[in-house]
$ cat protein.cif   # mmCIF, N, CA and C atoms
data_upload
#
loop_
_atom_site.label_atom_id
_atom_site.label_comp_id
_atom_site.auth_asym_id
_atom_site.auth_seq_id
_atom_site.Cartn_x
_atom_site.Cartn_y
_atom_site.Cartn_z
N MET A 1 80.33 -82.73 22.90
CA MET A 1 79.00 -82.24 22.60
C MET A 1 79.00 -80.72 22.47
N LYS A 2 79.79 -80.06 23.31
CA LYS A 2 79.82 -78.61 23.31
C LYS A 2 80.37 -78.08 21.98
N ASN A 3 81.41 -78.71 21.47
CA ASN A 3 82.01 -78.28 20.20
C ASN A 3 81.07 -78.56 19.03
N ALA A 4 80.35 -79.65 19.08
CA ALA A 4 79.40 -79.98 18.01
C ALA A 4 78.27 -78.96 17.95
N LEU A 5 77.83 -78.48 19.10
CA LEU A 5 76.77 -77.47 19.14
C LEU A 5 77.23 -76.17 18.49
N TRP A 6 78.47 -75.77 18.74
CA TRP A 6 79.00 -74.58 18.09
C TRP A 6 79.07 -74.79 16.57
N GLY A 7 79.40 -75.96 16.14
CA GLY A 7 79.44 -76.26 14.70
C GLY A 7 78.08 -76.12 14.06
N TYR A 8 77.02 -76.61 14.73
CA TYR A 8 75.66 -76.47 14.20
C TYR A 8 75.26 -75.01 14.10
N TRP A 9 75.58 -74.22 15.14
CA TRP A 9 75.24 -72.79 15.10
C TRP A 9 75.99 -72.07 13.98
N LEU A 10 77.23 -72.47 13.76
CA LEU A 10 78.03 -71.84 12.70
C LEU A 10 77.44 -72.16 11.32
N VAL A 11 77.04 -73.40 11.10
CA VAL A 11 76.41 -73.78 9.83
C VAL A 11 75.08 -73.05 9.65
N LEU A 12 74.28 -72.95 10.69
CA LEU A 12 73.00 -72.25 10.63
C LEU A 12 73.20 -70.76 10.32
N LEU A 13 74.19 -70.14 10.95
CA LEU A 13 74.50 -68.74 10.69
C LEU A 13 74.95 -68.54 9.25
N GLY A 14 75.75 -69.45 8.73
CA GLY A 14 76.20 -69.38 7.34
C GLY A 14 75.04 -69.46 6.36
N ILE A 15 74.10 -70.37 6.60
CA ILE A 15 72.94 -70.51 5.72
C ILE A 15 72.08 -69.24 5.77
N PHE A 16 71.90 -68.69 6.97
CA PHE A 16 71.12 -67.45 7.13
C PHE A 16 71.77 -66.29 6.37
N ILE A 17 73.07 -66.14 6.45
CA ILE A 17 73.78 -65.06 5.76
C ILE A 17 73.67 -65.24 4.24
N VAL A 18 73.79 -66.45 3.74
CA VAL A 18 73.68 -66.69 2.30
C VAL A 18 72.28 -66.34 1.80
N VAL A 19 71.23 -66.69 2.54
CA VAL A 19 69.86 -66.36 2.14
C VAL A 19 69.66 -64.85 2.10
N ILE A 20 70.13 -64.13 3.11
CA ILE A 20 70.00 -62.67 3.13
C ILE A 20 70.76 -62.05 1.95
N MET A 21 71.95 -62.54 1.66
CA MET A 21 72.73 -62.00 0.54
C MET A 21 72.02 -62.23 -0.79
N LEU A 22 71.41 -63.38 -0.98
CA LEU A 22 70.69 -63.65 -2.22
C LEU A 22 69.48 -62.73 -2.38
N LEU A 23 68.76 -62.47 -1.31
CA LEU A 23 67.62 -61.56 -1.38
C LEU A 23 68.06 -60.14 -1.71
N VAL A 24 69.08 -59.65 -1.06
CA VAL A 24 69.56 -58.28 -1.30
C VAL A 24 70.13 -58.17 -2.71
N GLN A 25 70.86 -59.16 -3.17
CA GLN A 25 71.43 -59.12 -4.51
C GLN A 25 70.34 -59.09 -5.57
N ASN A 26 69.30 -59.85 -5.37
CA ASN A 26 68.19 -59.89 -6.33
C ASN A 26 67.53 -58.52 -6.44
N LEU A 27 67.36 -57.83 -5.33
CA LEU A 27 66.71 -56.51 -5.35
C LEU A 27 67.59 -55.46 -5.99
N THR A 28 68.85 -55.39 -5.60
CA THR A 28 69.72 -54.34 -6.12
C THR A 28 70.07 -54.57 -7.58
N THR A 29 70.27 -55.80 -7.98
CA THR A 29 70.59 -56.09 -9.37
C THR A 29 69.42 -55.76 -10.28
N SER A 30 68.21 -56.08 -9.86
CA SER A 30 67.06 -55.80 -10.71
C SER A 30 66.84 -54.30 -10.85
N SER A 31 67.08 -53.51 -9.81
CA SER A 31 66.92 -52.07 -9.90
C SER A 31 67.92 -51.47 -10.87
N THR A 32 69.17 -51.89 -10.78
CA THR A 32 70.20 -51.37 -11.68
C THR A 32 69.92 -51.81 -13.11
N GLN A 33 69.55 -53.05 -13.30
CA GLN A 33 69.25 -53.53 -14.65
C GLN A 33 68.05 -52.81 -15.24
N ASP A 34 67.03 -52.55 -14.45
CA ASP A 34 65.85 -51.83 -14.95
C ASP A 34 66.22 -50.43 -15.39
N TYR A 35 67.07 -49.74 -14.64
CA TYR A 35 67.45 -48.38 -15.00
C TYR A 35 68.21 -48.35 -16.33
N TYR A 36 69.22 -49.20 -16.46
CA TYR A 36 69.99 -49.21 -17.70
C TYR A 36 69.17 -49.73 -18.88
N LEU A 37 68.28 -50.67 -18.62
CA LEU A 37 67.38 -51.14 -19.66
C LEU A 37 66.49 -50.00 -20.14
N LEU A 38 65.93 -49.24 -19.21
CA LEU A 38 65.09 -48.10 -19.56
C LEU A 38 65.87 -47.06 -20.34
N LYS A 39 67.06 -46.76 -19.91
CA LYS A 39 67.89 -45.75 -20.57
C LYS A 39 68.23 -46.14 -22.00
N GLU A 40 68.72 -47.34 -22.19
CA GLU A 40 69.14 -47.79 -23.52
C GLU A 40 67.96 -47.94 -24.47
N ILE A 41 66.86 -48.47 -23.98
CA ILE A 41 65.70 -48.68 -24.83
C ILE A 41 65.07 -47.36 -25.23
N THR A 42 65.02 -46.39 -24.33
CA THR A 42 64.47 -45.07 -24.66
C THR A 42 65.31 -44.40 -25.73
N GLU A 43 66.60 -44.47 -25.58
CA GLU A 43 67.49 -43.87 -26.58
C GLU A 43 67.32 -44.53 -27.95
N ALA A 44 67.29 -45.85 -27.98
CA ALA A 44 67.14 -46.56 -29.24
C ALA A 44 65.78 -46.32 -29.88
N ALA A 45 64.73 -46.27 -29.07
CA ALA A 45 63.39 -46.02 -29.61
C ALA A 45 63.26 -44.61 -30.15
N LEU A 46 63.92 -43.64 -29.52
CA LEU A 46 63.91 -42.27 -30.04
C LEU A 46 64.58 -42.20 -31.41
N VAL A 47 65.70 -42.85 -31.55
CA VAL A 47 66.39 -42.85 -32.85
C VAL A 47 65.56 -43.57 -33.90
N ASP A 48 64.89 -44.66 -33.51
CA ASP A 48 64.02 -45.37 -34.46
C ASP A 48 62.85 -44.52 -34.91
N ALA A 49 62.37 -43.63 -34.04
CA ALA A 49 61.15 -42.88 -34.32
C ALA A 49 61.40 -41.57 -35.07
N VAL A 50 62.65 -41.25 -35.38
CA VAL A 50 62.95 -40.00 -36.09
C VAL A 50 62.33 -40.03 -37.48
N ASP A 51 61.65 -38.94 -37.83
CA ASP A 51 61.02 -38.80 -39.14
C ASP A 51 62.05 -38.19 -40.09
N TYR A 52 62.67 -39.04 -40.89
CA TYR A 52 63.76 -38.59 -41.76
C TYR A 52 63.27 -37.73 -42.92
N SER A 53 62.07 -37.98 -43.41
CA SER A 53 61.57 -37.15 -44.50
C SER A 53 61.33 -35.71 -44.03
N TYR A 54 60.83 -35.53 -42.84
CA TYR A 54 60.64 -34.19 -42.27
C TYR A 54 61.99 -33.52 -42.05
N TYR A 55 62.97 -34.28 -41.60
CA TYR A 55 64.32 -33.74 -41.38
C TYR A 55 64.96 -33.28 -42.69
N ARG A 56 64.81 -34.09 -43.74
CA ARG A 56 65.39 -33.70 -45.04
C ARG A 56 64.71 -32.47 -45.62
N THR A 57 63.40 -32.34 -45.39
CA THR A 57 62.66 -31.21 -45.95
C THR A 57 62.90 -29.92 -45.19
N PHE A 58 62.80 -29.96 -43.86
CA PHE A 58 62.85 -28.74 -43.06
C PHE A 58 64.13 -28.57 -42.25
N GLY A 59 64.95 -29.60 -42.14
CA GLY A 59 66.18 -29.49 -41.38
C GLY A 59 66.00 -29.52 -39.87
N GLU A 60 64.83 -29.91 -39.42
CA GLU A 60 64.54 -30.02 -37.99
C GLU A 60 64.25 -31.48 -37.63
N ILE A 61 64.65 -31.85 -36.44
CA ILE A 61 64.42 -33.22 -35.99
C ILE A 61 63.02 -33.32 -35.40
N LYS A 62 62.30 -34.34 -35.85
CA LYS A 62 60.94 -34.60 -35.38
C LYS A 62 60.76 -36.11 -35.27
N ILE A 63 60.01 -36.55 -34.25
CA ILE A 63 59.76 -37.99 -34.11
C ILE A 63 58.29 -38.27 -34.35
N ASN A 64 58.00 -39.52 -34.60
CA ASN A 64 56.63 -40.01 -34.75
C ASN A 64 56.26 -40.70 -33.44
N LYS A 65 55.21 -40.20 -32.76
CA LYS A 65 54.82 -40.73 -31.45
C LYS A 65 54.50 -42.22 -31.50
N GLU A 66 53.67 -42.59 -32.45
CA GLU A 66 53.22 -43.99 -32.53
C GLU A 66 54.39 -44.92 -32.78
N LYS A 67 55.34 -44.48 -33.61
CA LYS A 67 56.49 -45.31 -33.89
C LYS A 67 57.37 -45.44 -32.64
N PHE A 68 57.45 -44.36 -31.85
CA PHE A 68 58.21 -44.42 -30.60
C PHE A 68 57.57 -45.42 -29.63
N TYR A 69 56.24 -45.32 -29.47
CA TYR A 69 55.54 -46.25 -28.57
C TYR A 69 55.77 -47.69 -29.00
N GLU A 70 55.59 -47.94 -30.28
CA GLU A 70 55.73 -49.30 -30.80
C GLU A 70 57.14 -49.83 -30.59
N SER A 71 58.13 -49.02 -30.94
CA SER A 71 59.52 -49.46 -30.81
C SER A 71 59.90 -49.67 -29.35
N PHE A 72 59.48 -48.76 -28.47
CA PHE A 72 59.82 -48.89 -27.05
C PHE A 72 59.20 -50.15 -26.46
N LEU A 73 57.92 -50.35 -26.68
CA LEU A 73 57.25 -51.51 -26.08
C LEU A 73 57.77 -52.83 -26.65
N ARG A 74 58.08 -52.84 -27.94
CA ARG A 74 58.64 -54.07 -28.53
C ARG A 74 60.00 -54.38 -27.92
N ARG A 75 60.87 -53.39 -27.85
CA ARG A 75 62.20 -53.61 -27.29
C ARG A 75 62.13 -53.97 -25.80
N PHE A 76 61.25 -53.29 -25.07
CA PHE A 76 61.15 -53.56 -23.63
C PHE A 76 60.63 -54.96 -23.37
N SER A 77 59.64 -55.39 -24.13
CA SER A 77 59.09 -56.73 -23.91
C SER A 77 60.09 -57.82 -24.26
N GLU A 78 61.00 -57.55 -25.20
CA GLU A 78 62.01 -58.53 -25.56
C GLU A 78 63.07 -58.68 -24.48
N ASN A 79 63.35 -57.61 -23.73
CA ASN A 79 64.48 -57.61 -22.81
C ASN A 79 64.12 -57.63 -21.33
N ALA A 80 62.86 -57.42 -20.99
CA ALA A 80 62.47 -57.32 -19.58
C ALA A 80 62.47 -58.70 -18.91
N SER A 81 62.58 -58.66 -17.61
CA SER A 81 62.57 -59.89 -16.81
C SER A 81 61.18 -60.52 -16.84
N THR A 82 61.14 -61.83 -16.90
CA THR A 82 59.85 -62.52 -16.94
C THR A 82 59.29 -62.79 -15.54
N THR A 83 60.10 -62.56 -14.50
CA THR A 83 59.63 -62.83 -13.15
C THR A 83 59.12 -61.58 -12.44
N THR A 84 59.13 -60.45 -13.12
CA THR A 84 58.71 -59.19 -12.52
C THR A 84 57.54 -58.62 -13.30
N THR A 85 56.59 -58.01 -12.60
CA THR A 85 55.46 -57.35 -13.23
C THR A 85 55.80 -55.88 -13.42
N TYR A 86 55.69 -55.39 -14.65
CA TYR A 86 56.04 -54.00 -14.96
C TYR A 86 54.80 -53.21 -15.35
N THR A 87 54.83 -51.91 -15.02
CA THR A 87 53.84 -50.96 -15.49
C THR A 87 54.61 -49.84 -16.18
N VAL A 88 54.35 -49.65 -17.47
CA VAL A 88 55.06 -48.64 -18.26
C VAL A 88 54.11 -47.46 -18.49
N SER A 89 54.60 -46.25 -18.18
CA SER A 89 53.81 -45.04 -18.37
C SER A 89 54.62 -44.03 -19.18
N PHE A 90 53.96 -43.38 -20.12
CA PHE A 90 54.59 -42.35 -20.93
C PHE A 90 54.01 -41.00 -20.54
N TYR A 91 54.88 -40.04 -20.27
CA TYR A 91 54.46 -38.69 -19.92
C TYR A 91 55.16 -37.71 -20.85
N GLY A 92 54.44 -36.75 -21.34
CA GLY A 92 55.05 -35.67 -22.11
C GLY A 92 55.81 -36.12 -23.32
N VAL A 93 55.18 -36.87 -24.21
CA VAL A 93 55.83 -37.26 -25.45
C VAL A 93 55.53 -36.19 -26.49
N TYR A 94 56.56 -35.45 -26.88
CA TYR A 94 56.42 -34.36 -27.85
C TYR A 94 57.16 -34.73 -29.12
N GLU A 95 56.52 -34.42 -30.26
CA GLU A 95 57.13 -34.75 -31.54
C GLU A 95 58.23 -33.77 -31.92
N ALA A 96 57.98 -32.48 -31.76
CA ALA A 96 58.98 -31.49 -32.13
C ALA A 96 58.97 -30.38 -31.09
N PRO A 97 60.03 -30.10 -30.44
CA PRO A 97 61.30 -30.83 -30.38
C PRO A 97 61.10 -32.17 -29.69
N PRO A 98 61.83 -33.18 -30.13
CA PRO A 98 61.59 -34.53 -29.61
C PRO A 98 61.99 -34.68 -28.15
N LYS A 99 60.99 -34.93 -27.31
CA LYS A 99 61.20 -35.13 -25.87
C LYS A 99 60.23 -36.19 -25.39
N VAL A 100 60.73 -37.10 -24.57
CA VAL A 100 59.87 -38.13 -23.98
C VAL A 100 60.20 -38.27 -22.50
N SER A 101 59.19 -38.62 -21.73
CA SER A 101 59.36 -38.96 -20.33
C SER A 101 58.71 -40.32 -20.12
N VAL A 102 59.49 -41.26 -19.64
CA VAL A 102 59.02 -42.64 -19.47
C VAL A 102 59.23 -43.05 -18.02
N GLU A 103 58.24 -43.76 -17.48
CA GLU A 103 58.31 -44.26 -16.11
C GLU A 103 58.00 -45.75 -16.12
N ILE A 104 58.82 -46.50 -15.40
CA ILE A 104 58.59 -47.94 -15.27
C ILE A 104 58.48 -48.27 -13.80
N LYS A 105 57.37 -48.90 -13.43
CA LYS A 105 57.18 -49.39 -12.07
C LYS A 105 57.31 -50.90 -12.12
N SER A 106 58.21 -51.43 -11.34
CA SER A 106 58.38 -52.88 -11.31
C SER A 106 57.92 -53.41 -9.97
N LYS A 107 57.08 -54.39 -10.03
CA LYS A 107 56.57 -55.02 -8.82
C LYS A 107 57.19 -56.41 -8.75
N SER A 108 58.10 -56.56 -7.81
CA SER A 108 58.80 -57.83 -7.68
C SER A 108 57.98 -58.81 -6.86
N ASN A 109 58.50 -59.99 -6.73
CA ASN A 109 57.82 -61.01 -5.95
C ASN A 109 57.76 -60.63 -4.48
N THR A 110 56.84 -61.22 -3.77
CA THR A 110 56.68 -60.97 -2.34
C THR A 110 57.55 -61.94 -1.56
N PHE A 111 58.27 -61.41 -0.58
CA PHE A 111 59.11 -62.24 0.27
C PHE A 111 58.42 -62.42 1.61
N ASN A 112 58.43 -63.63 2.11
CA ASN A 112 57.86 -63.91 3.43
C ASN A 112 59.01 -64.12 4.41
N VAL A 113 59.12 -63.20 5.38
CA VAL A 113 60.16 -63.30 6.38
C VAL A 113 59.49 -63.41 7.74
N MET A 114 59.58 -64.57 8.32
CA MET A 114 59.01 -64.85 9.64
C MET A 114 57.53 -64.46 9.72
N GLY A 115 56.78 -64.81 8.71
CA GLY A 115 55.35 -64.56 8.70
C GLY A 115 54.94 -63.21 8.16
N ASP A 116 55.89 -62.28 8.01
CA ASP A 116 55.58 -60.96 7.45
C ASP A 116 55.83 -60.97 5.95
N SER A 117 54.88 -60.48 5.22
CA SER A 117 54.99 -60.44 3.77
C SER A 117 55.54 -59.08 3.35
N GLU A 118 56.66 -59.08 2.62
CA GLU A 118 57.30 -57.85 2.16
C GLU A 118 57.42 -57.89 0.65
N SER A 119 57.09 -56.78 0.02
CA SER A 119 57.30 -56.66 -1.42
C SER A 119 58.04 -55.35 -1.68
N PHE A 120 58.92 -55.38 -2.65
CA PHE A 120 59.73 -54.22 -2.97
C PHE A 120 59.36 -53.75 -4.36
N ASP A 121 58.88 -52.53 -4.45
CA ASP A 121 58.48 -51.95 -5.72
C ASP A 121 59.47 -50.86 -6.10
N MET A 122 59.96 -50.90 -7.32
CA MET A 122 60.93 -49.92 -7.80
C MET A 122 60.26 -49.04 -8.84
N VAL A 123 60.61 -47.76 -8.83
CA VAL A 123 60.11 -46.82 -9.84
C VAL A 123 61.32 -46.18 -10.48
N ASP A 124 61.43 -46.30 -11.80
CA ASP A 124 62.49 -45.65 -12.57
C ASP A 124 61.86 -44.69 -13.55
N ARG A 125 62.38 -43.47 -13.59
CA ARG A 125 61.88 -42.45 -14.52
C ARG A 125 63.05 -41.90 -15.31
N ILE A 126 62.77 -41.56 -16.56
CA ILE A 126 63.81 -40.96 -17.39
C ILE A 126 63.18 -39.96 -18.33
N ASN A 127 63.88 -38.87 -18.57
CA ASN A 127 63.51 -37.87 -19.56
C ASN A 127 64.57 -37.89 -20.64
N ALA A 128 64.17 -37.94 -21.89
CA ALA A 128 65.13 -37.98 -22.98
C ALA A 128 64.78 -36.94 -24.02
N ILE A 129 65.80 -36.27 -24.53
CA ILE A 129 65.61 -35.22 -25.53
C ILE A 129 66.65 -35.42 -26.63
N ILE A 130 66.22 -35.31 -27.87
CA ILE A 130 67.14 -35.27 -29.00
C ILE A 130 67.24 -33.80 -29.41
N GLU A 131 68.45 -33.29 -29.39
CA GLU A 131 68.61 -31.89 -29.78
C GLU A 131 69.83 -31.73 -30.67
N GLY A 132 69.81 -30.67 -31.44
CA GLY A 132 70.93 -30.37 -32.30
C GLY A 132 70.88 -31.11 -33.60
N ASN A 133 71.90 -30.94 -34.37
CA ASN A 133 72.02 -31.56 -35.68
C ASN A 133 72.82 -32.83 -35.54
N THR A 134 72.23 -33.87 -34.94
CA THR A 134 72.95 -35.10 -34.63
C THR A 134 72.83 -36.16 -35.72
N LEU A 135 71.97 -35.95 -36.69
CA LEU A 135 71.77 -36.95 -37.75
C LEU A 135 72.53 -36.54 -38.99
N SER A 136 73.00 -37.54 -39.71
CA SER A 136 73.71 -37.21 -40.95
C SER A 136 73.07 -37.88 -42.13
#
$ encode --input "protein.cif" --output "structure tokens"
Amino acid sequence: MKNALWGYWLVLLGIFIVVIMLLVQNLTTSSTQDYYLLKEITEAALVDAVDYSYYRTFGEIKINKEKFYESFLRRFSENASTTTTYTVSFYGVYEAPPKVSVEIKSKSNTFNVMGDSESFDMVDRINAIIEGNTLS
């Protein structure tokens, strides 16, 4: 009986450790994925929003704000997680010189641990600038 009791405790401890690992992995993976998603989408939306006719005429890089917003939100909605609630904010979007500041707040699901409700909210911010003669 004594050895069987140790076996039950060992199985219970294993289940507890697996549950904790799954919770931590879900939080850290989503934070990393959100950051790289934000970085790649901002870069791609900036390139999509470049006004090529203005560049050919004046030789300066300029973006179209509305096209940037549209491209960013379309790309983000296609790639974002469906289980997380996001709030997207744009700060300091300038057409010339092209600079954008984007912030994403992600509100994940609430975890109940021994009657206490915990939610983890992540905030990712990025500033992006296109400079120089990078277009051909």
$ select_by_dssp --input "protein.cif" --residues "chain A" --states "strand (DSSP E)" --output "MDAnalysis selection string"
chainID A and resid 85:94 99:113 116:129
$ write_last_selection --input "protein.cif" --atoms "N, CA and C atoms" --output "compact mmCIF listing (two decimals), keeping the file's coordinate frame"
# COMPACT_ATOMS: atom_id res chain seq x y z
N THR A 85 56.59 -58.01 -12.60
CA THR A 85 55.46 -57.35 -13.23
C THR A 85 55.80 -55.88 -13.42
N TYR A 86 55.69 -55.39 -14.65
CA TYR A 86 56.04 -54.00 -14.96
C TYR A 86 54.80 -53.21 -15.35
N THR A 87 54.83 -51.91 -15.02
CA THR A 87 53.84 -50.96 -15.49
C THR A 87 54.61 -49.84 -16.18
N VAL A 88 54.35 -49.65 -17.47
CA VAL A 88 55.06 -48.64 -18.26
C VAL A 88 54.11 -47.46 -18.49
N SER A 89 54.60 -46.25 -18.18
CA SER A 89 53.81 -45.04 -18.37
C SER A 89 54.62 -44.03 -19.18
N PHE A 90 53.96 -43.38 -20.12
CA PHE A 90 54.59 -42.35 -20.93
C PHE A 90 54.01 -41.00 -20.54
N TYR A 91 54.88 -40.04 -20.27
CA TYR A 91 54.46 -38.69 -19.92
C TYR A 91 55.16 -37.71 -20.85
N GLY A 92 54.44 -36.75 -21.34
CA GLY A 92 55.05 -35.67 -22.11
C GLY A 92 55.81 -36.12 -23.32
N VAL A 93 55.18 -36.87 -24.21
CA VAL A 93 55.83 -37.26 -25.45
C VAL A 93 55.53 -36.19 -26.49
N TYR A 94 56.56 -35.45 -26.88
CA TYR A 94 56.42 -34.36 -27.85
C TYR A 94 57.16 -34.73 -29.12
N LYS A 99 60.99 -34.93 -27.31
CA LYS A 99 61.20 -35.13 -25.87
C LYS A 99 60.23 -36.19 -25.39
N VAL A 100 60.73 -37.10 -24.57
CA VAL A 100 59.87 -38.13 -23.98
C VAL A 100 60.20 -38.27 -22.50
N SER A 101 59.19 -38.62 -21.73
CA SER A 101 59.36 -38.96 -20.33
C SER A 101 58.71 -40.32 -20.12
N VAL A 102 59.49 -41.26 -19.64
CA VAL A 102 59.02 -42.64 -19.47
C VAL A 102 59.23 -43.05 -18.02
N GLU A 103 58.24 -43.76 -17.48
CA GLU A 103 58.31 -44.26 -16.11
C GLU A 103 58.00 -45.75 -16.12
N ILE A 104 58.82 -46.50 -15.40
CA ILE A 104 58.59 -47.94 -15.27
C ILE A 104 58.48 -48.27 -13.80
N LYS A 105 57.37 -48.90 -13.43
CA LYS A 105 57.18 -49.39 -12.07
C LYS A 105 57.31 -50.90 -12.12
N SER A 106 58.21 -51.43 -11.34
CA SER A 106 58.38 -52.88 -11.31
C SER A 106 57.92 -53.41 -9.97
N LYS A 107 57.08 -54.39 -10.03
CA LYS A 107 56.57 -55.02 -8.82
C LYS A 107 57.19 -56.41 -8.75
N SER A 108 58.10 -56.56 -7.81
CA SER A 108 58.80 -57.83 -7.68
C SER A 108 57.98 -58.81 -6.86
N ASN A 109 58.50 -59.99 -6.73
CA ASN A 109 57.82 -61.01 -5.95
C ASN A 109 57.76 -60.63 -4.48
N THR A 110 56.84 -61.22 -3.77
CA THR A 110 56.68 -60.97 -2.34
C THR A 110 57.55 -61.94 -1.56
N PHE A 111 58.27 -61.41 -0.58
CA PHE A 111 59.11 -62.24 0.27
C PHE A 111 58.42 -62.42 1.61
N ASN A 112 58.43 -63.63 2.11
CA ASN A 112 57.86 -63.91 3.43
C ASN A 112 59.01 -64.12 4.41
N VAL A 113 59.12 -63.20 5.38
CA VAL A 113 60.16 -63.30 6.38
C VAL A 113 59.49 -63.41 7.74
N ASP A 116 55.89 -62.28 8.01
CA ASP A 116 55.58 -60.96 7.45
C ASP A 116 55.83 -60.97 5.95
N SER A 117 54.88 -60.48 5.22
CA SER A 117 54.99 -60.44 3.77
C SER A 117 55.54 -59.08 3.35
N GLU A 118 56.66 -59.08 2.62
CA GLU A 118 57.30 -57.85 2.16
C GLU A 118 57.42 -57.89 0.65
N SER A 119 57.09 -56.78 0.02
CA SER A 119 57.30 -56.66 -1.42
C SER A 119 58.04 -55.35 -1.68
N PHE A 120 58.92 -55.38 -2.65
CA PHE A 120 59.73 -54.22 -2.97
C PHE A 120 59.36 -53.75 -4.36
N ASP A 121 58.88 -52.53 -4.45
CA ASP A 121 58.48 -51.95 -5.72
C ASP A 121 59.47 -50.86 -6.10
N MET A 122 59.96 -50.90 -7.32
CA MET A 122 60.93 -49.92 -7.80
C MET A 122 60.26 -49.04 -8.84
N VAL A 123 60.61 -47.76 -8.83
CA VAL A 123 60.11 -46.82 -9.84
C VAL A 123 61.32 -46.18 -10.48
N ASP A 124 61.43 -46.30 -11.80
CA ASP A 124 62.49 -45.65 -12.57
C ASP A 124 61.86 -44.69 -13.55
N ARG A 125 62.38 -43.47 -13.59
CA ARG A 125 61.88 -42.45 -14.52
C ARG A 125 63.05 -41.90 -15.31
N ILE A 126 62.77 -41.56 -16.56
CA ILE A 126 63.81 -40.96 -17.39
C ILE A 126 63.18 -39.96 -18.33
N ASN A 127 63.88 -38.87 -18.57
CA ASN A 127 63.51 -37.87 -19.56
C ASN A 127 64.57 -37.89 -20.64
N ALA A 128 64.17 -37.94 -21.89
CA ALA A 128 65.13 -37.98 -22.98
C ALA A 128 64.78 -36.94 -24.02
N ILE A 129 65.80 -36.27 -24.53
CA ILE A 129 65.61 -35.22 -25.53
C ILE A 129 66.65 -35.42 -26.63
$ atom_distance --input "protein.cif" --atom1 "CA of Asn79 in chain A" --atom2 "CA of Tyr52 in chain A"
26.9 Å
$ atom_distance --input "protein.cif" --atom1 "CA of Glu95 in chain A" --atom2 "CA of Phe76 in chain A"
20.8 Å
$ closest_residue --input "protein.cif" --among "A:Ile130, A:Met122, A:Leu46, A:Val93" --to "Ser106 in chain A" --atoms "only N, CA and C atoms"
A:Met122
$ resolve_selection --input "protein.cif" --expression "the PyMOL selection byres (((chain A and resi 30-45 and name CA) around 10) and name CA)" --output "PyMOL selection string"
chain A and resi 25-29+46-50+63+67-76+79-81+84+100-106+108+121-130
$ atom_distance --input "protein.cif" --atom1 "CA of Asp51 in chain A" --atom2 "CA of Gly92 in chain A"
18.3 Å
$ select_by_dssp --input "protein.cif" --residues "range 16-122 of chain A" --states "alpha helix (DSSP H)" --output "PyMOL selection string"
chain A and resi 16-48+52-58+65-79
$ closest_residue --input "protein.cif" --among "A:Ser77, A:Ile15, A:Thr87, A:Ala96" --to "Ile61 in chain A" --atoms "all atoms listed in the file"
A:Ala96
